[in-house]
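Visitor: So here's upload_10.tsv (TSV, C-alpha atoms and all ligand atoms).
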chain	number	residue	atom	x	y	z
A	1	MET	CA	140.48	145.36	44.82
A	2	SER	CA	137.55	147.63	43.97
A	3	HIS	CA	134.62	145.71	42.63
A	4	SER	CA	131.24	146.65	41.15
A	5	PRO	CA	128.57	144.68	42.99
A	6	LEU	CA	126.46	142.30	40.87
A	7	SER	CA	123.39	143.04	42.97
A	8	SER	CA	122.11	146.15	44.74
A	9	LEU	CA	120.89	143.98	47.63
A	10	ARG	CA	123.01	144.42	50.74
A	11	PHE	CA	123.18	142.27	53.86
A	12	LYS	CA	123.92	143.57	57.32
A	13	ARG	CA	126.23	140.68	58.20
A	14	LEU	CA	127.35	137.75	56.02
A	15	LEU	CA	129.37	134.78	57.29
A	16	LEU	CA	131.97	133.11	55.07
A	17	THR	CA	133.27	129.78	56.39
A	18	GLY	CA	136.36	128.13	54.91
A	19	ALA	CA	137.67	131.65	54.32
A	20	ALA	CA	141.33	130.54	54.44
A	21	GLY	CA	140.85	128.02	51.61
A	22	ASN	CA	141.27	128.44	47.87
A	23	LEU	CA	137.74	129.63	47.13
A	24	GLY	CA	137.46	131.42	50.48
A	25	GLN	CA	140.44	133.59	49.55
A	26	VAL	CA	138.74	134.38	46.24
A	27	LEU	CA	135.39	135.29	47.80
A	28	ARG	CA	136.64	137.07	50.94
A	29	PRO	CA	137.46	140.38	49.20
A	30	ARG	CA	134.53	140.09	46.77
A	31	LEU	CA	131.74	139.47	49.31
A	32	LYS	CA	132.55	142.73	51.08
A	33	ALA	CA	130.60	144.57	48.36
A	34	TYR	CA	127.37	142.87	49.47
A	35	CYS	CA	127.39	143.44	53.23
A	36	ASP	CA	128.14	145.95	55.96
A	37	VAL	CA	130.08	143.34	57.94
A	38	LEU	CA	131.74	140.19	56.62
A	39	ARG	CA	132.46	137.62	59.31
A	40	VAL	CA	135.14	135.18	58.14
A	41	SER	CA	135.94	131.87	59.76
A	42	ASP	CA	138.24	128.87	59.33
A	43	ILE	CA	140.15	126.32	61.42
A	44	GLN	CA	143.33	127.83	59.97
A	45	SER	CA	144.75	131.28	60.57
A	46	LEU	CA	142.97	134.07	58.69
A	47	GLY	CA	145.28	136.99	59.42
A	48	SER	CA	143.89	140.12	60.96
A	49	ALA	CA	140.48	141.57	60.22
A	50	ALA	CA	140.32	144.06	57.37
A	51	ALA	CA	137.94	147.05	57.57
A	52	GLY	CA	134.38	145.78	57.84
A	53	GLU	CA	135.47	142.27	58.77
A	54	GLU	CA	135.18	140.07	61.86
A	55	VAL	CA	137.53	137.08	62.16
A	56	GLN	CA	136.79	133.88	64.10
A	57	VAL	CA	139.13	130.88	64.00
A	58	LEU	CA	137.33	127.68	65.04
A	59	ASP	CA	136.69	124.02	64.27
A	60	LEU	CA	133.27	123.41	62.69
A	61	ALA	CA	133.04	120.31	64.92
A	62	ASP	CA	132.79	122.62	67.96
A	63	ALA	CA	129.00	122.94	68.36
A	64	SER	CA	128.98	125.78	70.89
A	65	GLY	CA	131.62	127.67	68.92
A	66	VAL	CA	129.54	127.37	65.74
A	67	LYS	CA	126.42	128.52	67.59
A	68	ALA	CA	128.26	131.70	68.61
A	69	LEU	CA	129.68	132.05	65.09
A	70	LEU	CA	126.20	132.48	63.61
A	71	GLU	CA	124.99	135.11	66.09
A	72	GLY	CA	123.75	138.19	64.22
A	73	VAL	CA	124.33	136.65	60.79
A	74	ASP	CA	121.77	137.16	57.98
A	75	ALA	CA	123.13	134.52	55.60
A	76	VAL	CA	126.03	132.08	55.36
A	77	VAL	CA	128.33	131.12	52.49
A	78	HIS	CA	129.51	127.75	53.78
A	79	LEU	CA	132.76	126.66	52.15
A	80	GLY	CA	134.41	125.21	55.26
A	81	GLY	CA	135.26	121.53	55.57
A	82	VAL	CA	137.30	118.82	53.91
A	83	SER	CA	137.41	119.45	50.14
A	84	THR	CA	138.98	116.23	48.78
A	85	GLU	CA	138.88	112.49	49.45
A	86	GLN	CA	140.42	112.05	52.92
A	87	PRO	CA	140.32	109.61	55.83
A	88	TRP	CA	136.92	109.35	57.51
A	89	ALA	CA	137.84	111.12	60.79
A	90	PRO	CA	138.41	114.62	59.34
A	91	ILE	CA	135.42	114.21	57.01
A	92	LEU	CA	133.27	113.22	59.99
A	93	ALA	CA	134.45	116.27	61.96
A	94	GLY	CA	134.38	118.92	59.24
A	95	ASN	CA	131.64	117.79	56.87
A	96	ILE	CA	129.23	115.67	58.94
A	97	MET	CA	129.40	117.16	62.44
A	98	GLY	CA	130.28	120.53	60.92
A	99	VAL	CA	127.21	120.74	58.72
A	100	VAL	CA	124.84	119.61	61.48
A	101	ASN	CA	126.40	122.13	63.87
A	102	LEU	CA	125.96	124.84	61.22
A	103	TYR	CA	122.25	124.13	60.64
A	104	GLU	CA	121.53	123.78	64.36
A	105	ALA	CA	123.24	127.14	64.88
A	106	ALA	CA	121.17	128.61	62.03
A	107	ARG	CA	117.98	127.31	63.63
A	108	LEU	CA	118.88	128.71	67.05
A	109	ASN	CA	119.99	132.07	65.62
A	110	LYS	CA	117.13	132.31	63.09
A	111	THR	CA	119.53	132.60	60.14
A	112	ARG	CA	117.48	132.79	56.96
A	113	ARG	CA	119.65	131.34	54.20
A	114	ILE	CA	122.73	129.17	53.68
A	115	ILE	CA	124.73	128.77	50.48
A	116	PHE	CA	126.22	125.29	50.86
A	117	ALA	CA	129.32	124.32	48.87
A	118	SER	CA	128.32	120.82	47.88
A	119	SER	CA	130.28	119.12	45.11
A	120	ASN	CA	129.94	117.30	41.82
A	121	HIS	CA	131.35	114.32	43.75
A	122	ALA	CA	127.90	113.90	45.34
A	123	THR	CA	126.94	112.65	41.85
A	124	GLY	CA	130.38	111.44	40.72
A	125	PHE	CA	129.24	107.98	39.64
A	126	TYR	CA	127.04	109.23	36.82
A	127	ARG	CA	128.73	108.69	33.48
A	128	GLN	CA	130.44	111.40	31.48
A	129	ASP	CA	128.32	110.45	28.43
A	130	GLU	CA	125.05	111.31	30.21
A	131	VAL	CA	123.64	114.72	31.07
A	132	ILE	CA	121.98	114.97	34.47
A	133	GLY	CA	119.75	117.67	35.90
A	134	THR	CA	119.56	119.32	39.28
A	135	SER	CA	117.14	116.71	40.63
A	136	ALA	CA	119.53	113.82	39.93
A	137	PRO	CA	119.73	111.74	43.12
A	138	PRO	CA	123.20	111.44	44.63
A	139	LYS	CA	125.65	108.78	43.41
A	140	PRO	CA	128.62	109.68	45.61
A	141	ASP	CA	132.07	108.59	44.45
A	142	GLY	CA	133.72	108.34	47.91
A	143	PHE	CA	133.49	109.41	51.54
A	144	TYR	CA	133.93	113.04	50.47
A	145	GLY	CA	131.05	112.89	47.97
A	146	LEU	CA	128.98	111.00	50.53
A	147	SER	CA	129.51	113.80	53.05
A	148	LYS	CA	128.31	116.36	50.50
A	149	ALA	CA	125.20	114.26	49.77
A	150	PHE	CA	124.61	114.19	53.53
A	151	GLY	CA	124.95	117.97	53.66
A	152	GLU	CA	122.31	118.31	50.95
A	153	ASP	CA	119.97	116.05	52.95
A	154	VAL	CA	120.54	118.16	56.05
A	155	ALA	CA	119.66	121.26	54.01
A	156	GLU	CA	116.47	119.57	52.76
A	157	MET	CA	115.44	118.59	56.29
A	158	TYR	CA	116.07	122.07	57.72
A	159	TRP	CA	114.02	123.62	54.91
A	160	HIS	CA	111.00	121.40	55.55
A	161	ARG	CA	111.20	121.43	59.35
A	162	TRP	CA	112.50	124.90	60.10
A	163	GLY	CA	112.10	126.99	56.93
A	164	ILE	CA	115.83	127.66	56.56
A	165	GLU	CA	116.54	128.18	52.87
A	166	THR	CA	119.60	126.67	51.16
A	167	VAL	CA	121.14	126.68	47.74
A	168	SER	CA	123.33	123.59	47.43
A	169	LEU	CA	126.04	124.35	44.88
A	170	ARG	CA	127.30	121.15	43.29
A	171	ILE	CA	130.53	122.85	42.29
A	172	GLY	CA	132.46	121.36	39.39
A	173	SER	CA	136.11	122.47	39.25
A	174	SER	CA	136.76	126.03	40.36
A	175	PHE	CA	140.35	126.93	39.58
A	176	PRO	CA	142.04	129.78	37.69
A	177	GLU	CA	141.77	127.65	34.54
A	178	PRO	CA	140.77	124.10	33.55
A	179	ARG	CA	143.63	121.69	34.24
A	180	ASP	CA	142.64	118.69	32.10
A	181	ARG	CA	140.14	117.41	29.53
A	182	ARG	CA	137.49	116.62	32.16
A	183	MET	CA	137.67	120.15	33.51
A	184	LEU	CA	136.75	121.51	30.07
A	185	SER	CA	133.30	120.21	31.06
A	186	THR	CA	133.37	120.92	34.80
A	187	TRP	CA	135.21	124.26	35.04
A	188	LEU	CA	133.78	127.19	37.03
A	189	SER	CA	135.67	130.47	36.66
A	190	TYR	CA	136.17	132.60	39.75
A	191	ASP	CA	134.05	135.40	38.27
A	192	ASP	CA	131.23	132.92	37.59
A	193	LEU	CA	131.66	131.54	41.12
A	194	GLU	CA	130.98	135.04	42.43
A	195	ARG	CA	127.96	135.38	40.10
A	196	LEU	CA	126.64	132.02	41.32
A	197	VAL	CA	127.06	132.85	45.02
A	198	VAL	CA	125.55	136.32	44.66
A	199	ALA	CA	122.59	135.00	42.65
A	200	SER	CA	122.07	132.32	45.33
A	201	LEU	CA	122.19	134.91	48.12
A	202	THR	CA	119.80	137.36	46.43
A	203	ALA	CA	117.21	135.21	44.59
A	204	PRO	CA	113.85	136.01	46.21
A	205	ILE	CA	112.80	132.43	46.99
A	206	VAL	CA	115.06	129.36	46.87
A	207	LYS	CA	113.57	126.92	49.45
A	208	HIS	CA	116.19	124.13	49.09
A	209	SER	CA	117.52	124.35	45.55
A	210	VAL	CA	120.34	122.40	43.94
A	211	ILE	CA	122.44	123.88	41.13
A	212	TYR	CA	125.63	122.75	39.42
A	213	GLY	CA	128.50	125.20	39.71
A	214	MET	CA	129.89	125.48	36.20
A	215	SER	CA	130.70	128.09	33.61
A	216	ASP	CA	129.04	128.11	30.17
A	217	ASN	CA	131.15	125.18	28.97
A	218	ARG	CA	130.71	123.26	25.74
A	219	GLY	CA	129.96	119.59	26.43
A	220	SER	CA	128.84	119.89	30.05
A	221	PHE	CA	127.63	116.85	32.03
A	222	TRP	CA	124.99	118.97	33.76
A	223	ASP	CA	121.74	120.77	32.92
A	224	ASN	CA	120.79	123.64	35.26
A	225	THR	CA	117.36	124.25	33.70
A	226	GLY	CA	115.68	123.19	36.96
A	227	ALA	CA	117.52	125.97	38.81
A	228	ARG	CA	116.77	128.89	36.48
A	229	HIS	CA	114.83	130.60	39.28
A	230	ILE	CA	118.14	131.33	40.98
A	231	GLY	CA	119.02	133.69	38.14
A	232	TYR	CA	122.60	132.51	37.64
A	233	ARG	CA	123.86	133.28	34.14
A	234	PRO	CA	127.48	132.23	33.57
A	235	GLN	CA	129.57	134.61	31.48
A	236	ASP	CA	132.75	132.54	31.09
A	237	SER	CA	133.56	129.33	29.25
A	238	SER	CA	136.37	126.77	29.21
A	239	GLU	CA	136.53	127.05	25.40
A	240	PRO	CA	139.45	129.53	25.20
A	241	PHE	CA	141.56	126.98	27.12
A	242	ARG	CA	140.62	123.97	24.94
A	243	ALA	CA	143.57	123.98	22.53
A	244	ALA	CA	146.16	124.19	25.30
A	245	VAL	CA	144.45	121.52	27.43
A	246	GLU	CA	144.08	119.11	24.48
A	247	ALA	CA	147.71	119.65	23.50
A	248	ARG	CA	148.78	118.78	27.05
A	249	GLN	CA	146.47	115.73	27.18
A	250	PRO	CA	146.03	114.51	23.58
A	251	HIS	CA	144.79	110.99	24.44
A	252	ILE	CA	142.14	109.63	26.80
A	253	ASP	CA	141.90	105.96	27.78
A	254	ILE	CA	138.14	105.46	27.44
A	255	THR	CA	138.32	102.26	29.53
A	256	ASP	CA	139.71	104.22	32.50
A	257	PRO	CA	137.02	104.81	35.19
A	258	ALA	CA	138.45	108.33	35.56
A	259	ALA	CA	137.35	108.98	31.95
A	260	ILE	CA	134.06	107.08	32.23
A	261	TYR	CA	132.57	108.72	35.31
A	262	GLN	CA	131.83	112.36	36.02
A	263	GLY	CA	133.85	112.30	39.23
A	264	GLY	CA	137.06	111.69	37.25
A	265	GLY	CA	140.04	110.54	39.32
A	266	PHE	CA	138.02	110.71	42.56
A	267	VAL	CA	136.17	107.50	41.57
A	268	LYS	CA	139.47	105.56	41.87
A	269	MET	CA	140.73	106.99	45.14
A	270	ALA	CA	140.96	104.58	48.05
A	271	PRO	CA	138.05	105.26	50.42
A	272	HIS	CA	140.36	105.98	53.32
A	273	GLY	CA	142.72	108.16	51.31
A	274	GLU	CA	145.34	105.40	51.60
B	301	LIG	P1	139.86	124.26	50.57
B	301	LIG	O1	140.24	122.93	51.11
B	301	LIG	O2	140.95	125.11	49.98
B	301	LIG	O3	139.11	125.11	51.69
B	301	LIG	C1	138.32	124.53	52.71
B	301	LIG	C2	138.62	125.26	54.00
B	301	LIG	O4	137.86	124.62	55.05
B	301	LIG	C3	140.08	125.21	54.40
B	301	LIG	O5	140.60	126.51	54.58
B	301	LIG	C4	140.08	124.42	55.69
B	301	LIG	O6	141.04	124.89	56.65
B	301	LIG	C5	138.67	124.61	56.19
B	301	LIG	N1	138.28	123.50	57.08
B	301	LIG	C6	138.50	122.17	56.90
B	301	LIG	N2	138.05	121.47	57.96
B	301	LIG	C7	137.54	122.38	58.84
B	301	LIG	C8	136.96	122.28	60.10
B	301	LIG	N3	136.80	121.09	60.73
B	301	LIG	N4	136.56	123.42	60.73
B	301	LIG	C9	136.72	124.63	60.13
B	301	LIG	N5	137.27	124.79	58.90
B	301	LIG	C10	137.69	123.67	58.27
B	301	LIG	O7	138.71	124.01	49.49
B	301	LIG	P2	138.19	124.98	48.35
B	301	LIG	O8	138.73	124.52	47.06
B	301	LIG	O9	138.38	126.38	48.75
B	301	LIG	O10	136.64	124.61	48.35
B	301	LIG	C11	135.73	125.31	49.17
B	301	LIG	C12	134.47	124.47	49.31
B	301	LIG	O11	133.93	124.21	48.02
B	301	LIG	C13	134.70	123.12	49.97
B	301	LIG	O12	133.59	122.83	50.80
B	301	LIG	C14	134.74	122.15	48.81
B	301	LIG	O13	134.31	120.86	49.18
B	301	LIG	C15	133.79	122.81	47.83
B	301	LIG	N6	134.13	122.49	46.45
B	301	LIG	C16	135.23	123.05	45.84
B	301	LIG	C17	135.53	122.75	44.52
B	301	LIG	C18	136.67	123.40	43.80
B	301	LIG	O14	136.83	123.16	42.60
B	301	LIG	N7	137.51	124.19	44.44
B	301	LIG	C19	134.71	121.80	43.75
B	301	LIG	C20	133.60	121.25	44.51
B	301	LIG	C21	133.31	121.61	45.79
B	302	LIG	C1	135.97	118.96	44.33
B	302	LIG	O1	134.97	118.71	45.00
B	302	LIG	C2	137.24	119.36	44.98
B	302	LIG	O2	137.02	120.18	46.10
B	302	LIG	C3	138.20	120.09	44.04
B	302	LIG	O3	139.48	120.09	44.62
B	302	LIG	C4	138.24	119.48	42.64
B	302	LIG	O4	138.95	118.33	42.65
B	302	LIG	C5	136.82	119.29	42.08
B	302	LIG	O5	135.94	118.68	43.00
B	302	LIG	C6	136.76	118.48	40.78
B	302	LIG	O6	135.95	117.57	40.69
B	302	LIG	O7	137.51	118.82	39.85
What would you get if you wrote out this structure as structure tokens?
Ligand code: NAI
Ligand code: 15L
Guide:
Amino acid sequence: MSHSPLSSLRFKRLLLTGAAGNLGQVLRPRLKAYCDVLRVSDIQSLGSAAAGEEVQVLDLADASGVKALLEGVDAVVHLGGVSTEQPWAPILAGNIMGVVNLYEAARLNKTRRIIFASSNHATGFYRQDEVIGTSAPPKPDGFYGLSKAFGEDVAEMYWHRWGIETVSLRIGSSFPEPRDRRMLSTWLSYDDLERLVVASLTAPIVKHSVIYGMSDNRGSFWDNTGARHIGYRPQDSSEPFRAAVEARQPHIDITDPAAIYQGGGFVKMAPHGE
């Protein structure tokens, strides 16, 4: 797919982790426009390297492998890890050990900036009838959300101690279209995802910034005013999908925790994914 870059800034080598996943497959062809070499990585097979790509299959829990993965990398878009509520063992490996291994590798390789795919589930226990800003402290809604809150803390520590910059993206729901009433508030289109990642990569100074990953939706739970310095301006909205979503889901049980809390159904999932 040919693509007009959203920024004239170009990196020598970018690393995309989680490149075999849903969002990784979206960003893999798009990030090529912003770098000479795109290194892609995942624990799963990634196929062969396209022109201008380097492919490395590895487990983020493998510290020496991750150290080698970051060699020669200017910046990282870190999507890799467990992306839903799961048993503790894979979350520990992918999201706890994985994120520490990543930041240690960044320190040792002098990598300047990381774009960390956090999640709205780091703050999933705020209510849907309140609007929170980017400095809202975590209220994780499960082990998954807890691991994302941990990742944000790691980012904060590596900024203060080692000067590694991070933008923590508390992504809402990034899918081709919103699937239910909650996602009318939380939806992030794929084009806006690209805008968000590119803005995060190219903003002059980010230190450790937190921003919610959402399109320009009516009735959002989140206020990104505190992250305006990143320069992200969403162009899409869930509104064109509203009629179809409301027809599919005409009623909401307002006593259901999934309708009360921002994390939706995640707030009811058994902590061990049982
Ligand atoms: P995904 O589950 O499709 O992709 C994650 C990728 O990470 C997978 O390809 C998986 O193989 C890889 N991975 C898992 N454990 C690993 C390990 N130990 N070592 C190396 N790779 C490992 O998830 P998706 O939807 O693409 O999300 C990408 C990132 O964005 C995730 O970190 C997720 O938590 C975050 N996010 C996504 C949202 C969405 O709406 N899609 C919403 C909020 C956050
Ligand atoms: C997430 O963090 C998940 O990765 C994704 O699969 C969605 O469920 C999303 O949150 C959401 O809250 O809709």
Visitor: My list of candidates is A:Lys110, A:Arg233, A:His160, A:Arg179. Which is closest to ligand LIG 301 (chain B) when distances are computed with all atoms listed in the file?
Guide: A:Arg179
Visitor: If you count all atoms listed in the file, which residues end up within 10 Å of ligand LIG 302 (chain B), as a PDB file with C-alpha atoms, in the coordinates of the input?
Guide:
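Wrote pocket-v9.pdb, looks like this:
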ATOM      1  CA  ASN A  22     141.270 128.440  47.870  1.00  0.00           C
ATOM      2  CA  LEU A  23     137.740 129.630  47.130  1.00  0.00           C
ATOM      3  CA  LEU A  79     132.760 126.660  52.150  1.00  0.00           C
ATOM      4  CA  GLY A  81     135.260 121.530  55.570  1.00  0.00           C
ATOM      5  CA  VAL A  82     137.300 118.820  53.910  1.00  0.00           C
ATOM      6  CA  SER A  83     137.410 119.450  50.140  1.00  0.00           C
ATOM      7  CA  THR A  84     138.980 116.230  48.780  1.00  0.00           C
ATOM      8  CA  GLU A  85     138.880 112.490  49.450  1.00  0.00           C
ATOM      9  CA  ALA A 117     129.320 124.320  48.870  1.00  0.00           C
ATOM     10  CA  SER A 118     128.320 120.820  47.880  1.00  0.00           C
ATOM     11  CA  SER A 119     130.280 119.120  45.110  1.00  0.00           C
ATOM     12  CA  ASN A 120     129.940 117.300  41.820  1.00  0.00           C
ATOM     13  CA  HIS A 121     131.350 114.320  43.750  1.00  0.00           C
ATOM     14  CA  ALA A 122     127.900 113.900  45.340  1.00  0.00           C
ATOM     15  CA  GLY A 124     130.380 111.440  40.720  1.00  0.00           C
ATOM     16  CA  TYR A 144     133.930 113.040  50.470  1.00  0.00           C
ATOM     17  CA  GLY A 145     131.050 112.890  47.970  1.00  0.00           C
ATOM     18  CA  LYS A 148     128.310 116.360  50.500  1.00  0.00           C
ATOM     19  CA  ARG A 170     127.300 121.150  43.290  1.00  0.00           C
ATOM     20  CA  ILE A 171     130.530 122.850  42.290  1.00  0.00           C
ATOM     21  CA  GLY A 172     132.460 121.360  39.390  1.00  0.00           C
ATOM     22  CA  SER A 173     136.110 122.470  39.250  1.00  0.00           C
ATOM     23  CA  SER A 174     136.760 126.030  40.360  1.00  0.00           C
ATOM     24  CA  PHE A 175     140.350 126.930  39.580  1.00  0.00           C
ATOM     25  CA  PRO A 178     140.770 124.100  33.550  1.00  0.00           C
ATOM     26  CA  ARG A 179     143.630 121.690  34.240  1.00  0.00           C
ATOM     27  CA  ASP A 180     142.640 118.690  32.100  1.00  0.00           C
ATOM     28  CA  ARG A 182     137.490 116.620  32.160  1.00  0.00           C
ATOM     29  CA  MET A 183     137.670 120.150  33.510  1.00  0.00           C
ATOM     30  CA  SER A 185     133.300 120.210  31.060  1.00  0.00           C
ATOM     31  CA  THR A 186     133.370 120.920  34.800  1.00  0.00           C
ATOM     32  CA  TRP A 187     135.210 124.260  35.040  1.00  0.00           C
ATOM     33  CA  LEU A 188     133.780 127.190  37.030  1.00  0.00           C
ATOM     34  CA  GLN A 262     131.830 112.360  36.020  1.00  0.00           C
ATOM     35  CA  GLY A 263     133.850 112.300  39.230  1.00  0.00           C
ATOM     36  CA  GLY A 264     137.060 111.690  37.250  1.00  0.00           C
ATOM     37  CA  GLY A 265     140.040 110.540  39.320  1.00  0.00           C
ATOM     38  CA  PHE A 266     138.020 110.710  42.560  1.00  0.00           C
TER      39      PHE A 266
END
Visitor: Hey, which of A:Leu27, A:Cys35, A:Ala105, A:Ala270 ends up closest to Gly65 in chain A? Count all atoms listed in the file.
Guide: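 Result for the nearest residue to Gly65 in chain A: A:Ala105.
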Visitor: Using all atoms listed in the file, pick whichever of A:Asp236, A:Asp36, A:Glu53, A:Asp59 has the shortest atom-to-atom distance to ligand LIG 301 (chain B).
Guide: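 For ligand LIG 301 (chain B), the nearest of the given residues is A:Asp59.
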Visitor: What lies within 6 Å of range 200-202 of chain A using all atoms listed in the file, ignoring chain neighbours under 2 positions off, as number ranges by chain?
Guide: A: 197-198, 230
Visitor: Work out how far apart CA of Thr225 in chain A and atom P2 of ligand LIG 301 (chain B) are and give it in Å to one decimal.
Guide: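 Between CA of Thr225 in chain A and atom P2 of ligand LIG 301 (chain B) the gap is 25.5 Å.
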Visitor: Quick one: residues within 8 Å of Pro5 in chain A, all atoms listed in the file, excluding same-chain residues fewer than 3 positions away - as a PDB file with C-alpha atoms, in the coordinates of the input?
Guide:
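So the final result, stored in part02.pdb, reads:
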ATOM      1  CA  SER A   8     122.110 146.150  44.740  1.00  0.00           C
ATOM      2  CA  ALA A  33     130.600 144.570  48.360  1.00  0.00           C
ATOM      3  CA  TYR A  34     127.370 142.870  49.470  1.00  0.00           C
TER       4      TYR A  34
END
Visitor: Would you mind reading off the distance between atom P1 of ligand LIG 301 (chain B) and CA of Asp223 in chain A, one decimal, in Å?
Guide: 25.5 Å
Visitor: What does the distance from CA of Gly24 in chain A to CA of Val77 in chain A come to in Å, to one decimal?
Guide: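 Between CA of Gly24 in chain A and CA of Val77 in chain A the gap works out to 9.4 Å.
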Visitor: Go through A:Asp74, A:Asp141, A:Asp191, A:Asp62 one by one, measure the shortest atom-to-atom distance of each to Val37 in chain A using all atoms listed in the file, and give the residue with the smallest value.
Guide: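 Closest candidate: A:Asp74.
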Visitor: Counting only C-alpha atoms, which residues sit no farther than 6 Å from the position (133.8, 130.8, 57.7) in the file's frame? I'd like them as a list of chain:residue names.
Guide: A:Leu15, A:Leu16, A:Thr17, A:Gly18, A:Ala19, A:Val40, A:Ser41, A:Asp42
Visitor: Skipping near chain neighbours, those fewer than 2 positions away, what residues fall within 12 Å of Val131 in chain A using all atoms listed in the file, listed as a PyMOL selection string?
Guide: chain A and resi 123+126-129+133-136+185+212+219-225+261-262
Visitor: With distances taken over all atoms listed in the file, which of A:Ile115, A:Ala199, A:Ala75, A:Leu70 is nearest to ligand LIG 301 (chain B)?
Guide: A:Ile115
Visitor: If the box runs along x, y and z of the file and leaves 3 Å on each side of range 247-260 of chain A, what are its centre and edge lengths in Å, one decimal, as AutoDock Vina command-line options?
Guide:
--center_x 141.4 --center_y 111.0 --center_z 29.5 --size_x 20.7 --size_y 23.4 --size_z 18.1
Visitor: Counting only C-alpha atoms, which of A:Val76, A:Leu184, A:Ile43, A:Ala259 gets nearest to Phe241 in chain A?
Guide: A:Leu184
Visitor: Where atoms are absent from range 89-103 of chain A, fill them in so it carries N, CA and C atoms, then output it as a PDB file, in the frame of the given file.
Guide:
ATOM      1  N   ALA A  89     137.907 110.287  59.568  1.00  0.00           N
ATOM      2  CA  ALA A  89     137.840 111.120  60.790  1.00  0.00           C
ATOM      3  C   ALA A  89     137.734 112.611  60.471  1.00  0.00           C
ATOM      4  N   PRO A  90     138.601 113.189  59.625  1.00  0.00           N
ATOM      5  CA  PRO A  90     138.410 114.620  59.340  1.00  0.00           C
ATOM      6  C   PRO A  90     137.139 114.923  58.563  1.00  0.00           C
ATOM      7  N   ILE A  91     136.686 113.985  57.732  1.00  0.00           N
ATOM      8  CA  ILE A  91     135.420 114.210  57.010  1.00  0.00           C
ATOM      9  C   ILE A  91     134.254 114.203  58.005  1.00  0.00           C
ATOM     10  N   LEU A  92     134.307 113.276  58.951  1.00  0.00           N
ATOM     11  CA  LEU A  92     133.270 113.220  59.990  1.00  0.00           C
ATOM     12  C   LEU A  92     133.220 114.539  60.771  1.00  0.00           C
ATOM     13  N   ALA A  93     134.408 115.036  61.149  1.00  0.00           N
ATOM     14  CA  ALA A  93     134.450 116.270  61.960  1.00  0.00           C
ATOM     15  C   ALA A  93     133.994 117.482  61.142  1.00  0.00           C
ATOM     16  N   GLY A  94     134.609 117.679  59.985  1.00  0.00           N
ATOM     17  CA  GLY A  94     134.380 118.920  59.240  1.00  0.00           C
ATOM     18  C   GLY A  94     133.076 118.925  58.456  1.00  0.00           C
ATOM     19  N   ASN A  95     132.740 117.791  57.846  1.00  0.00           N
ATOM     20  CA  ASN A  95     131.640 117.790  56.870  1.00  0.00           C
ATOM     21  C   ASN A  95     130.348 117.171  57.406  1.00  0.00           C
ATOM     22  N   ILE A  96     130.444 116.283  58.385  1.00  0.00           N
ATOM     23  CA  ILE A  96     129.230 115.670  58.940  1.00  0.00           C
ATOM     24  C   ILE A  96     128.830 116.421  60.212  1.00  0.00           C
ATOM     25  N   MET A  97     129.711 116.394  61.228  1.00  0.00           N
ATOM     26  CA  MET A  97     129.400 117.160  62.440  1.00  0.00           C
ATOM     27  C   MET A  97     129.326 118.652  62.117  1.00  0.00           C
ATOM     28  N   GLY A  98     130.222 119.101  61.257  1.00  0.00           N
ATOM     29  CA  GLY A  98     130.280 120.530  60.920  1.00  0.00           C
ATOM     30  C   GLY A  98     128.982 121.024  60.319  1.00  0.00           C
ATOM     31  N   VAL A  99     128.417 120.245  59.391  1.00  0.00           N
ATOM     32  CA  VAL A  99     127.210 120.740  58.720  1.00  0.00           C
ATOM     33  C   VAL A  99     125.998 120.670  59.663  1.00  0.00           C
ATOM     34  N   VAL A 100     125.943 119.666  60.511  1.00  0.00           N
ATOM     35  CA  VAL A 100     124.840 119.610  61.480  1.00  0.00           C
ATOM     36  C   VAL A 100     124.974 120.766  62.483  1.00  0.00           C
ATOM     37  N   ASN A 101     126.198 121.001  62.947  1.00  0.00           N
ATOM     38  CA  ASN A 101     126.400 122.130  63.870  1.00  0.00           C
ATOM     39  C   ASN A 101     125.983 123.454  63.219  1.00  0.00           C
ATOM     40  N   LEU A 102     126.303 123.604  61.935  1.00  0.00           N
ATOM     41  CA  LEU A 102     125.960 124.840  61.220  1.00  0.00           C
ATOM     42  C   LEU A 102     124.445 125.031  61.154  1.00  0.00           C
ATOM     43  N   TYR A 103     123.715 123.980  60.790  1.00  0.00           N
ATOM     44  CA  TYR A 103     122.250 124.130  60.640  1.00  0.00           C
ATOM     45  C   TYR A 103     121.567 124.265  62.003  1.00  0.00           C
TER      46      TYR A 103
END
